[in-house]
>>> print(open('query-v6.cif').read())   # mmCIF, C-alpha atoms
data_data
loop_
_atom_site.group_PDB
_atom_site.id
_atom_site.type_symbol
_atom_site.label_atom_id
_atom_site.label_comp_id
_atom_site.auth_asym_id
_atom_site.auth_seq_id
_atom_site.Cartn_x
_atom_site.Cartn_y
_atom_site.Cartn_z
ATOM 1 C CA GLU A 24 7.024 12.910 -14.625
ATOM 2 C CA GLU A 25 10.670 13.969 -14.185
ATOM 3 C CA GLN A 26 11.713 10.297 -14.414
ATOM 4 C CA ASN A 27 9.684 9.660 -17.625
ATOM 5 C CA ILE A 28 7.367 7.219 -15.837
ATOM 6 C CA PRO A 29 3.843 6.748 -17.270
ATOM 7 C CA THR A 30 1.163 8.719 -15.446
ATOM 8 C CA ASP A 31 -1.280 5.811 -15.239
ATOM 9 C CA ASN A 32 -1.223 3.043 -12.584
ATOM 10 C CA LEU A 33 0.366 5.245 -9.909
ATOM 11 C CA TRP A 34 -0.035 4.275 -6.239
ATOM 12 C CA MET A 35 0.746 5.744 -2.829
ATOM 13 C CA VAL A 36 0.616 4.236 0.666
ATOM 14 C CA LEU A 37 -0.144 6.657 3.500
ATOM 15 C CA PRO A 38 -0.440 6.180 7.269
ATOM 16 C CA ALA A 39 -3.964 6.061 8.689
ATOM 17 C CA TRP A 40 -3.697 9.517 10.293
ATOM 18 C CA ALA A 41 -2.826 11.092 6.901
ATOM 19 C CA VAL A 42 -5.793 9.361 5.267
ATOM 20 C CA GLY A 43 -8.006 10.731 8.031
ATOM 21 C CA ARG A 44 -6.782 14.255 7.285
ATOM 22 C CA ILE A 45 -7.565 13.829 3.591
ATOM 23 C CA LYS A 46 -11.087 12.666 4.454
ATOM 24 C CA LYS A 47 -11.598 15.756 6.630
ATOM 25 C CA SER A 48 -10.162 18.187 4.052
ATOM 26 C CA ASP A 49 -11.907 19.919 1.165
ATOM 27 C CA LEU A 50 -11.160 16.826 -0.970
ATOM 28 C CA LYS A 51 -14.222 15.167 0.584
ATOM 29 C CA ASP A 52 -16.143 17.095 -2.093
ATOM 30 C CA ALA A 53 -16.136 14.690 -5.054
ATOM 31 C CA SER A 54 -16.320 17.519 -7.592
ATOM 32 C CA LEU A 55 -12.873 18.765 -6.510
ATOM 33 C CA THR A 56 -11.136 15.455 -7.243
ATOM 34 C CA GLY A 57 -13.078 14.571 -10.385
ATOM 35 C CA ASP A 58 -14.275 11.294 -8.859
ATOM 36 C CA GLY A 59 -17.912 10.350 -9.043
ATOM 37 C CA LYS A 60 -18.030 9.442 -5.347
ATOM 38 C CA SER A 61 -17.056 11.353 -2.239
ATOM 39 C CA VAL A 62 -14.444 9.822 0.083
ATOM 40 C CA LEU A 63 -16.986 10.197 2.887
ATOM 41 C CA ARG A 64 -19.673 8.257 1.067
ATOM 42 C CA ASN A 65 -17.737 5.209 -0.052
ATOM 43 C CA GLY A 66 -15.212 4.970 2.808
ATOM 44 C CA ARG A 67 -12.099 4.862 0.634
ATOM 45 C CA ILE A 68 -9.748 7.492 -0.657
ATOM 46 C CA GLY A 69 -9.709 6.629 -4.352
ATOM 47 C CA GLU A 70 -7.478 8.706 -6.618
ATOM 48 C CA ILE A 71 -5.818 12.052 -6.029
ATOM 49 C CA ASP A 72 -3.812 13.575 -8.891
ATOM 50 C CA GLY A 73 -3.586 10.203 -10.650
ATOM 51 C CA PHE A 74 -2.392 8.287 -7.555
ATOM 52 C CA THR A 75 -4.516 5.500 -6.110
ATOM 53 C CA ILE A 76 -4.246 6.077 -2.358
ATOM 54 C CA TYR A 77 -3.951 3.154 0.053
ATOM 55 C CA SER A 78 -4.003 3.322 3.845
ATOM 56 C CA SER A 79 -1.741 1.213 6.061
ATOM 57 C CA ASN A 80 -0.991 1.097 9.759
ATOM 58 C CA LEU A 81 2.163 -0.931 9.071
ATOM 59 C CA LEU A 82 4.368 1.898 7.805
ATOM 60 C CA TYR A 83 7.677 2.375 9.610
ATOM 61 C CA SER A 84 7.827 5.330 12.009
ATOM 62 C CA VAL A 85 10.775 6.943 13.801
ATOM 63 C CA THR A 86 11.373 9.812 16.198
ATOM 64 C CA ASP A 87 13.135 12.571 14.290
ATOM 65 C CA SER A 88 16.323 13.625 16.079
ATOM 66 C CA GLY A 89 16.056 17.269 14.990
ATOM 67 C CA THR A 90 12.435 17.944 15.917
ATOM 68 C CA SER A 91 11.626 15.098 18.358
ATOM 69 C CA ALA A 92 8.452 14.492 16.308
ATOM 70 C CA THR A 93 7.232 11.102 15.159
ATOM 71 C CA CYS A 94 7.753 10.712 11.413
ATOM 72 C CA TRP A 95 6.529 8.024 9.019
ATOM 73 C CA TYR A 96 8.094 6.615 5.874
ATOM 74 C CA SER A 97 5.500 6.479 3.115
ATOM 75 C CA TYR A 98 6.005 5.029 -0.362
ATOM 76 C CA PHE A 99 4.702 5.833 -3.828
ATOM 77 C CA GLY A 100 5.379 4.741 -7.377
ATOM 78 C CA HIS A 101 4.256 3.102 -10.578
ATOM 79 C CA LYS A 102 3.125 -0.506 -10.812
ATOM 80 C CA SER A 103 6.067 -1.318 -13.115
ATOM 81 C CA ALA A 104 8.516 -0.598 -10.267
ATOM 82 C CA LEU A 105 7.770 -3.793 -8.323
ATOM 83 C CA THR A 106 7.122 -7.444 -9.015
ATOM 84 C CA PHE A 107 5.842 -10.261 -6.810
ATOM 85 C CA ALA A 108 5.509 -13.998 -7.390
ATOM 86 C CA ALA A 109 4.139 -16.863 -5.282
ATOM 87 C CA GLN A 110 3.838 -20.590 -5.860
ATOM 88 C CA LEU A 111 2.631 -23.611 -3.871
ATOM 89 C CA THR A 112 5.469 -26.101 -4.381
ATOM 90 C CA LYS A 113 4.522 -29.045 -2.149
ATOM 91 C CA MET A 114 1.046 -30.112 -1.128
ATOM 92 C CA GLU A 115 -0.280 -33.052 0.825
ATOM 93 C CA SER A 116 -3.627 -34.180 2.160
ATOM 94 C CA LEU A 117 -3.946 -35.195 5.812
ATOM 95 C CA ARG A 118 -6.736 -36.691 7.897
ATOM 96 C CA ALA A 119 -8.030 -34.187 10.484
ATOM 97 C CA GLU A 120 -7.648 -35.425 14.055
ATOM 98 C CA SER A 121 -10.423 -33.404 15.696
ATOM 99 C CA THR A 122 -13.123 -33.487 12.980
ATOM 100 C CA PHE A 123 -14.466 -35.731 10.226
ATOM 101 C CA GLY A 124 -12.605 -34.136 7.391
ATOM 102 C CA ASP A 125 -9.347 -33.722 5.560
ATOM 103 C CA LEU A 126 -6.675 -31.054 5.809
ATOM 104 C CA ILE A 127 -4.434 -29.828 3.064
ATOM 105 C CA ARG A 128 -0.932 -28.677 3.920
ATOM 106 C CA GLY A 129 1.307 -26.888 1.467
ATOM 107 C CA LEU A 130 4.569 -24.999 1.132
ATOM 108 C CA ASN A 131 4.116 -21.510 -0.297
ATOM 109 C CA VAL A 132 7.276 -19.896 -1.661
ATOM 110 C CA TYR A 133 7.260 -16.247 -2.659
ATOM 111 C CA GLY A 134 9.498 -13.375 -3.558
ATOM 112 C CA TYR A 135 9.550 -9.793 -4.703
ATOM 113 C CA LYS A 136 11.938 -7.504 -6.482
ATOM 114 C CA VAL A 137 12.265 -3.825 -7.284
ATOM 115 C CA LEU A 138 12.574 -3.612 -11.063
ATOM 116 C CA LYS A 139 12.748 0.158 -11.626
ATOM 117 C CA THR A 140 14.114 2.258 -8.793
ATOM 118 C CA ALA A 141 13.335 5.420 -10.765
ATOM 119 C CA ALA A 142 9.626 4.497 -10.670
ATOM 120 C CA MET A 143 9.455 4.515 -6.854
ATOM 121 C CA GLY A 144 9.813 7.147 -4.186
ATOM 122 C CA GLU A 145 9.662 7.653 -0.456
ATOM 123 C CA LEU A 146 7.980 10.363 1.609
ATOM 124 C CA TYR A 147 9.052 11.404 5.107
ATOM 125 C CA LEU A 148 5.854 12.556 6.819
ATOM 126 C CA THR A 149 5.112 14.177 10.145
ATOM 127 C CA LYS A 150 1.795 15.283 11.630
#
>>> encode(input="query-v6.cif", output="structure tokens")
Amino acid sequence: EEQNIPTDNLWMVLPAWAVGRIKKSDLKDASLTGDGKSVLRNGRIGEIDGFTIYSSNLLYSVTDSGTSATCWYSYFGHKSALTFAAQLTKMESLRAESTFGDLIRGLNVYGYKVLKTAAMGELYLTK
């Protein structure tokens, strides 16, 4: 809100251990979050304070030099902050050697870009 970013289409990626803590907290009661389904019943986090929460075990972690604790970098933002594009540029059909069928081989090119740095943020989390 301080960056004048719209409050819809917000997202956040958290490590799996943080998602587990949310599922064990009082937020498992659907009436507290305003969702129609509990996080325990449907197996996903859903939305908390307007953020759609995603879980990932691929977030970067480091050992903090001051506390010797393991810390994770977690990201959040608005969908307008990022863009992604992909295209299949070359395709060819081949005869399969081991079966009676055809294979298709293609070259997939892709790229991404941060469009609005003010619409993204980073969390530094520890257990």
>>> residues_around(input="query-v6.cif", residues="A:Tyr135", least_positions_apart="5", cutoff="8 Å", atoms="all atoms listed in the file", output="JSON, numbers by chain")
{"A": [105, 106, 107, 108]}
>>> write_last_selection(input="query-v6.cif", atoms="C-alpha atoms", output="mmCIF file, in the frame of the given file")
data_model
loop_
_atom_site.group_PDB
_atom_site.id
_atom_site.type_symbol
_atom_site.label_atom_id
_atom_site.label_comp_id
_atom_site.auth_asym_id
_atom_site.auth_seq_id
_atom_site.Cartn_x
_atom_site.Cartn_y
_atom_site.Cartn_z
ATOM 1 C CA LEU A 105 7.770 -3.793 -8.323
ATOM 2 C CA THR A 106 7.122 -7.444 -9.015
ATOM 3 C CA PHE A 107 5.842 -10.261 -6.810
ATOM 4 C CA ALA A 108 5.509 -13.998 -7.390
#
>>> residues_near_point(input="query-v6.cif", point="(8.2, 0.4, 12.4)", cutoff="12 Å", atoms="all atoms listed in the file", output="list of chain:residue names")
A:Pro38, A:Ser79, A:Asn80, A:Leu81, A:Leu82, A:Tyr83, A:Ser84, A:Val85, A:Thr86, A:Thr93, A:Cys94, A:Trp95, A:Tyr96, A:Ser97
>>> residues_around(input="query-v6.cif", residues="A:Ala142", least_positions_apart="3", cutoff="7 Å", atoms="all atoms listed in the file", output="PDB file with C-alpha atoms, in the coordinates of the input")
ATOM      1  CA  ILE A  28       7.367   7.219 -15.837  1.00  0.00           C
ATOM      2  CA  GLY A 100       5.379   4.741  -7.377  1.00  0.00           C
ATOM      3  CA  HIS A 101       4.256   3.102 -10.578  1.00  0.00           C
ATOM      4  CA  ALA A 104       8.516  -0.598 -10.267  1.00  0.00           C
ATOM      5  CA  LYS A 139      12.748   0.158 -11.626  1.00  0.00           C
TER       6      LYS A 139
END
>>> atom_distance(input="query-v6.cif", atom1="atom CA of A:Gly129", atom2="atom CA of A:Leu111")
6.4 Å
>>> closest_residue(input="query-v6.cif", among="A:Lys113, A:Lys102, A:Lys46, A:Lys136", to="A:Trp34", atoms="all atoms listed in the file")
A:Lys102
>>> closest_residue(input="query-v6.cif", among="A:Ala92, A:Leu138, A:Met143, A:Val132", to="A:Met35", atoms="all atoms listed in the file")
A:Met143
>>> decode(input="query-v6.cif", residues="stretch 108-131 of chain A", atoms="N, CA and C atoms", output="compact mmCIF listing (two decimals), in the first residue's frame")
# COMPACT_ATOMS: atom_id res chain seq x y z
N ALA A 108 7.51 -14.93 -20.89
CA ALA A 108 7.08 -15.29 -22.24
C ALA A 108 7.83 -16.54 -22.68
N ALA A 109 7.15 -17.40 -23.45
CA ALA A 109 7.76 -18.61 -23.99
C ALA A 109 7.23 -18.85 -25.39
N GLN A 110 8.08 -19.42 -26.24
CA GLN A 110 7.67 -19.70 -27.61
C GLN A 110 8.45 -20.90 -28.12
N LEU A 111 7.77 -21.78 -28.87
CA LEU A 111 8.42 -22.89 -29.56
C LEU A 111 8.83 -22.36 -30.94
N THR A 112 10.14 -22.23 -31.18
CA THR A 112 10.60 -21.60 -32.41
C THR A 112 10.88 -22.59 -33.54
N LYS A 113 11.40 -23.75 -33.22
CA LYS A 113 11.69 -24.76 -34.24
C LYS A 113 11.08 -26.08 -33.81
N MET A 114 10.43 -26.75 -34.74
CA MET A 114 9.84 -28.04 -34.43
C MET A 114 10.08 -28.98 -35.60
N GLU A 115 10.30 -30.25 -35.26
CA GLU A 115 10.46 -31.25 -36.31
C GLU A 115 9.92 -32.58 -35.82
N SER A 116 9.46 -33.38 -36.76
CA SER A 116 8.92 -34.69 -36.46
C SER A 116 9.97 -35.74 -36.79
N LEU A 117 10.14 -36.70 -35.90
CA LEU A 117 11.13 -37.77 -36.08
C LEU A 117 10.44 -39.12 -35.94
N ARG A 118 11.02 -40.13 -36.54
CA ARG A 118 10.53 -41.50 -36.39
C ARG A 118 11.15 -42.07 -35.12
N ALA A 119 10.34 -42.65 -34.23
CA ALA A 119 10.85 -43.23 -32.99
C ALA A 119 11.59 -44.52 -33.30
N GLU A 120 12.75 -44.70 -32.67
CA GLU A 120 13.57 -45.88 -32.94
C GLU A 120 13.09 -47.12 -32.18
N SER A 121 12.56 -46.93 -30.98
CA SER A 121 12.23 -48.08 -30.13
C SER A 121 10.75 -48.46 -30.17
N THR A 122 9.89 -47.63 -30.76
CA THR A 122 8.46 -47.95 -30.82
C THR A 122 7.91 -47.63 -32.20
N PHE A 123 6.67 -48.03 -32.46
CA PHE A 123 5.99 -47.69 -33.70
C PHE A 123 5.28 -46.36 -33.50
N GLY A 124 5.99 -45.31 -33.64
CA GLY A 124 5.40 -44.00 -33.45
C GLY A 124 6.33 -42.90 -33.90
N ASP A 125 5.88 -41.69 -33.75
CA ASP A 125 6.66 -40.52 -34.12
C ASP A 125 6.98 -39.70 -32.87
N LEU A 126 8.08 -38.98 -32.94
CA LEU A 126 8.49 -38.06 -31.89
C LEU A 126 8.45 -36.65 -32.45
N ILE A 127 8.22 -35.72 -31.60
CA ILE A 127 8.29 -34.32 -32.00
C ILE A 127 9.34 -33.65 -31.14
N ARG A 128 10.27 -32.98 -31.78
CA ARG A 128 11.34 -32.28 -31.08
C ARG A 128 11.21 -30.80 -31.39
N GLY A 129 11.38 -29.98 -30.36
CA GLY A 129 11.24 -28.55 -30.56
C GLY A 129 12.21 -27.75 -29.71
N LEU A 130 12.42 -26.51 -30.10
CA LEU A 130 13.26 -25.58 -29.34
C LEU A 130 12.35 -24.57 -28.67
N ASN A 131 12.36 -24.58 -27.34
CA ASN A 131 11.54 -23.68 -26.55
C ASN A 131 12.42 -22.55 -26.04
